[in-house]
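Participant: See structure.txt below, with compact mmCIF, N, CA and C atoms.
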# COMPACT_ATOMS: atom_id res chain seq x y z
N GLY A 1 0.82 -1.18 0.00
CA GLY A 1 0.00 0.00 0.00
C GLY A 1 0.86 1.25 0.00
N ILE A 2 0.22 2.39 0.15
CA ILE A 2 0.90 3.68 0.17
C ILE A 2 1.03 4.13 1.62
N VAL A 3 2.22 4.57 2.02
CA VAL A 3 2.48 5.07 3.37
C VAL A 3 2.88 6.53 3.26
N VAL A 4 2.27 7.40 4.06
CA VAL A 4 2.65 8.81 4.13
C VAL A 4 3.39 9.00 5.45
N ASP A 5 4.64 9.41 5.39
CA ASP A 5 5.45 9.65 6.59
C ASP A 5 5.68 11.14 6.72
N GLY A 6 5.13 11.73 7.77
CA GLY A 6 5.26 13.17 7.98
C GLY A 6 6.58 13.58 8.60
N GLY A 7 7.46 12.63 8.85
CA GLY A 7 8.76 12.97 9.42
C GLY A 7 8.65 13.65 10.77
N GLY A 8 7.64 13.31 11.55
CA GLY A 8 7.47 13.90 12.88
C GLY A 8 6.79 15.26 12.86
N LYS A 9 6.32 15.71 11.70
CA LYS A 9 5.66 17.01 11.59
C LYS A 9 4.18 16.82 11.25
N VAL A 10 3.39 17.85 11.55
CA VAL A 10 1.96 17.82 11.28
C VAL A 10 1.72 17.75 9.77
N ILE A 11 0.76 16.94 9.35
CA ILE A 11 0.34 16.88 7.95
C ILE A 11 -0.98 17.64 7.86
N THR A 12 -1.05 18.65 7.01
CA THR A 12 -2.24 19.49 6.87
C THR A 12 -2.79 19.38 5.46
N PHE A 13 -4.09 19.13 5.36
CA PHE A 13 -4.78 19.14 4.07
C PHE A 13 -5.52 20.47 3.99
N LYS A 14 -5.35 21.23 2.91
CA LYS A 14 -5.96 22.55 2.78
C LYS A 14 -6.74 22.69 1.48
N ASN A 15 -7.59 23.73 1.47
CA ASN A 15 -8.29 24.17 0.28
C ASN A 15 -9.16 23.08 -0.33
N ALA A 16 -9.94 22.44 0.53
CA ALA A 16 -10.90 21.43 0.08
C ALA A 16 -12.16 21.59 0.93
N PRO A 17 -13.35 21.42 0.35
CA PRO A 17 -14.58 21.57 1.14
C PRO A 17 -14.76 20.47 2.18
N LYS A 18 -14.18 19.32 1.95
CA LYS A 18 -14.24 18.23 2.93
C LYS A 18 -13.28 17.13 2.50
N ALA A 19 -13.01 16.23 3.43
CA ALA A 19 -12.22 15.03 3.11
C ALA A 19 -13.16 13.84 3.28
N ARG A 20 -13.17 12.94 2.32
CA ARG A 20 -14.06 11.79 2.37
C ARG A 20 -13.24 10.52 2.27
N PHE A 21 -13.51 9.61 3.20
CA PHE A 21 -12.82 8.32 3.22
C PHE A 21 -13.89 7.24 3.05
N GLU A 22 -13.82 6.47 2.02
CA GLU A 22 -14.79 5.39 1.79
C GLU A 22 -14.19 4.08 2.25
N MET A 23 -13.90 4.04 3.56
CA MET A 23 -13.25 2.89 4.19
C MET A 23 -13.33 3.08 5.70
N ASP A 24 -12.99 2.03 6.45
CA ASP A 24 -12.86 2.16 7.90
C ASP A 24 -11.66 3.04 8.20
N ILE A 25 -11.73 3.77 9.31
CA ILE A 25 -10.61 4.59 9.74
C ILE A 25 -10.16 4.10 11.11
N GLU A 26 -8.87 3.85 11.26
CA GLU A 26 -8.30 3.43 12.54
C GLU A 26 -7.31 4.50 12.99
N SER A 27 -7.22 4.69 14.31
CA SER A 27 -6.30 5.68 14.85
C SER A 27 -5.69 5.16 16.14
N THR A 28 -4.40 5.35 16.32
CA THR A 28 -3.77 5.00 17.60
C THR A 28 -3.75 6.21 18.52
N GLY A 29 -4.21 7.35 18.02
CA GLY A 29 -4.28 8.57 18.83
C GLY A 29 -5.72 9.02 18.99
N GLN A 30 -5.92 10.17 19.61
CA GLN A 30 -7.25 10.73 19.83
C GLN A 30 -7.81 11.30 18.53
N ILE A 31 -9.13 11.30 18.39
CA ILE A 31 -9.81 11.96 17.29
C ILE A 31 -10.63 13.09 17.92
N LYS A 32 -10.45 14.33 17.43
CA LYS A 32 -11.08 15.49 18.04
C LYS A 32 -11.81 16.31 16.98
N ASP A 33 -13.04 16.74 17.31
CA ASP A 33 -13.77 17.61 16.39
C ASP A 33 -13.53 19.07 16.77
N LEU A 34 -13.81 19.98 15.86
CA LEU A 34 -13.67 21.41 16.11
C LEU A 34 -12.39 21.72 16.88
N CYS A 35 -11.29 21.18 16.42
CA CYS A 35 -10.03 21.19 17.18
C CYS A 35 -9.46 22.58 17.44
N ASP A 36 -9.84 23.59 16.68
CA ASP A 36 -9.33 24.93 16.92
C ASP A 36 -10.20 25.74 17.86
N THR A 37 -11.32 25.18 18.31
CA THR A 37 -12.21 25.92 19.22
C THR A 37 -12.54 25.06 20.42
N SER A 38 -13.81 24.75 20.61
CA SER A 38 -14.25 24.07 21.83
C SER A 38 -14.49 22.58 21.63
N GLY A 39 -13.86 21.98 20.65
CA GLY A 39 -14.11 20.57 20.35
C GLY A 39 -13.69 19.62 21.45
N GLN A 40 -14.16 18.39 21.34
CA GLN A 40 -13.83 17.33 22.29
C GLN A 40 -13.34 16.11 21.54
N THR A 41 -12.58 15.30 22.25
CA THR A 41 -12.16 14.03 21.66
C THR A 41 -13.31 13.05 21.75
N MET A 42 -13.27 12.02 20.93
CA MET A 42 -14.29 10.97 20.99
C MET A 42 -14.29 10.31 22.36
N SER A 43 -13.12 10.16 22.96
CA SER A 43 -13.02 9.57 24.29
C SER A 43 -13.78 10.42 25.31
N ALA A 44 -13.62 11.73 25.25
CA ALA A 44 -14.33 12.63 26.18
C ALA A 44 -15.84 12.55 25.97
N MET A 45 -16.27 12.41 24.70
CA MET A 45 -17.70 12.29 24.42
C MET A 45 -18.26 11.00 25.01
N ARG A 46 -17.50 9.90 24.92
CA ARG A 46 -17.95 8.63 25.50
C ARG A 46 -18.08 8.74 27.01
N VAL A 47 -17.10 9.38 27.66
CA VAL A 47 -17.14 9.54 29.12
C VAL A 47 -18.37 10.35 29.52
N ALA A 48 -18.63 11.45 28.81
CA ALA A 48 -19.79 12.29 29.13
C ALA A 48 -21.09 11.52 28.95
N TYR A 49 -21.22 10.78 27.87
CA TYR A 49 -22.44 10.02 27.60
C TYR A 49 -22.64 8.92 28.64
N ASN A 50 -21.60 8.14 28.88
CA ASN A 50 -21.73 6.98 29.76
C ASN A 50 -22.10 7.37 31.19
N GLY A 51 -21.72 8.55 31.63
CA GLY A 51 -22.00 8.95 33.00
C GLY A 51 -23.17 9.90 33.16
N HIS A 52 -23.86 10.24 32.07
CA HIS A 52 -24.89 11.28 32.17
C HIS A 52 -26.16 10.78 32.85
N LYS A 53 -26.79 11.70 33.57
CA LYS A 53 -28.09 11.48 34.19
C LYS A 53 -28.91 12.74 33.95
N HIS A 54 -30.21 12.64 34.08
CA HIS A 54 -31.07 13.81 33.97
C HIS A 54 -32.37 13.52 34.70
N ARG A 55 -33.11 14.57 34.97
CA ARG A 55 -34.40 14.40 35.64
C ARG A 55 -35.36 13.68 34.71
N GLU A 56 -36.11 12.74 35.26
CA GLU A 56 -37.11 12.01 34.48
C GLU A 56 -38.19 12.98 34.03
N ASN A 57 -38.34 13.15 32.73
CA ASN A 57 -39.32 14.08 32.16
C ASN A 57 -39.22 15.48 32.76
N GLY A 58 -37.99 15.90 33.09
CA GLY A 58 -37.77 17.25 33.61
C GLY A 58 -38.08 17.42 35.08
N GLN A 59 -38.50 16.37 35.75
CA GLN A 59 -38.83 16.46 37.17
C GLN A 59 -38.61 15.11 37.83
N GLY A 60 -38.82 15.03 39.12
CA GLY A 60 -38.68 13.75 39.81
C GLY A 60 -37.24 13.36 40.04
N ASN A 61 -36.99 12.06 40.11
CA ASN A 61 -35.66 11.54 40.40
C ASN A 61 -34.80 11.51 39.14
N ASN A 62 -33.48 11.44 39.37
CA ASN A 62 -32.56 11.28 38.24
C ASN A 62 -32.74 9.92 37.60
N THR A 63 -32.54 9.85 36.31
CA THR A 63 -32.54 8.57 35.62
C THR A 63 -31.25 7.82 35.95
N ASP A 64 -31.23 6.54 35.68
CA ASP A 64 -30.00 5.78 35.80
C ASP A 64 -29.08 6.15 34.64
N THR A 65 -27.79 5.85 34.80
CA THR A 65 -26.89 6.04 33.67
C THR A 65 -27.32 5.08 32.56
N PRO A 66 -26.96 5.34 31.32
CA PRO A 66 -27.38 4.49 30.21
C PRO A 66 -27.04 3.02 30.45
N ASP A 67 -27.97 2.13 30.09
CA ASP A 67 -27.71 0.70 30.27
C ASP A 67 -26.82 0.15 29.15
N LYS A 68 -26.71 0.86 28.05
CA LYS A 68 -25.80 0.47 26.97
C LYS A 68 -24.73 1.54 26.87
N GLN A 69 -23.54 1.21 27.32
CA GLN A 69 -22.43 2.14 27.31
C GLN A 69 -21.84 2.28 25.91
N MET A 70 -21.36 3.48 25.59
CA MET A 70 -20.61 3.66 24.35
C MET A 70 -19.27 2.99 24.55
N GLU A 71 -18.87 2.16 23.63
CA GLU A 71 -17.63 1.39 23.78
C GLU A 71 -16.43 2.18 23.31
N VAL A 72 -15.29 1.84 23.87
CA VAL A 72 -14.03 2.48 23.50
C VAL A 72 -13.60 2.00 22.15
Represent the structure of the file as structure tokens.
Facilitator:
Amino acid sequence: GIVVDGGGKVITFKNAPKARFEMDIESTGQIKDLCDTSGQTMSAMRVAYNGHKHRENGQGNNTDTPDKQMEV
């Protein structure tokens, strides 16, 4: 296959409306959205989802945490 080696430097793709990958994507590092502003990593999103609770229908007791956790 083709290997891109950045030589330890950031690789930046510019001047395109979007990047599209028609395949599975694997990463050994974090994946973060809106990285130049208030974005979060996918790991942080899973932690927030897995531990969230809220009032049942806006009142009453807190709900239980989700019974189906988002997997790592």
Participant: One decimal, Å: what's the distance from atom C of Ile2 (chain A) over to atom N of Ile31 (chain A), could you say?
Facilitator: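 Between these atoms lies a distance of 20.9 Å.
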Participant: Kindly give the distance, in Å, that separates CA of Asp33 (chain A) and CA of Ala16 (chain A), rounded to a single decimal.
Facilitator: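 For CA of Asp33 (chain A) relative to CA of Ala16 (chain A), the distance reads 17.0 Å.
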Participant: What is the distance between atom N of Glu26 (chain A) and CA of Gly51 (chain A), in Å to one decimal?
Facilitator: 25.9 Å
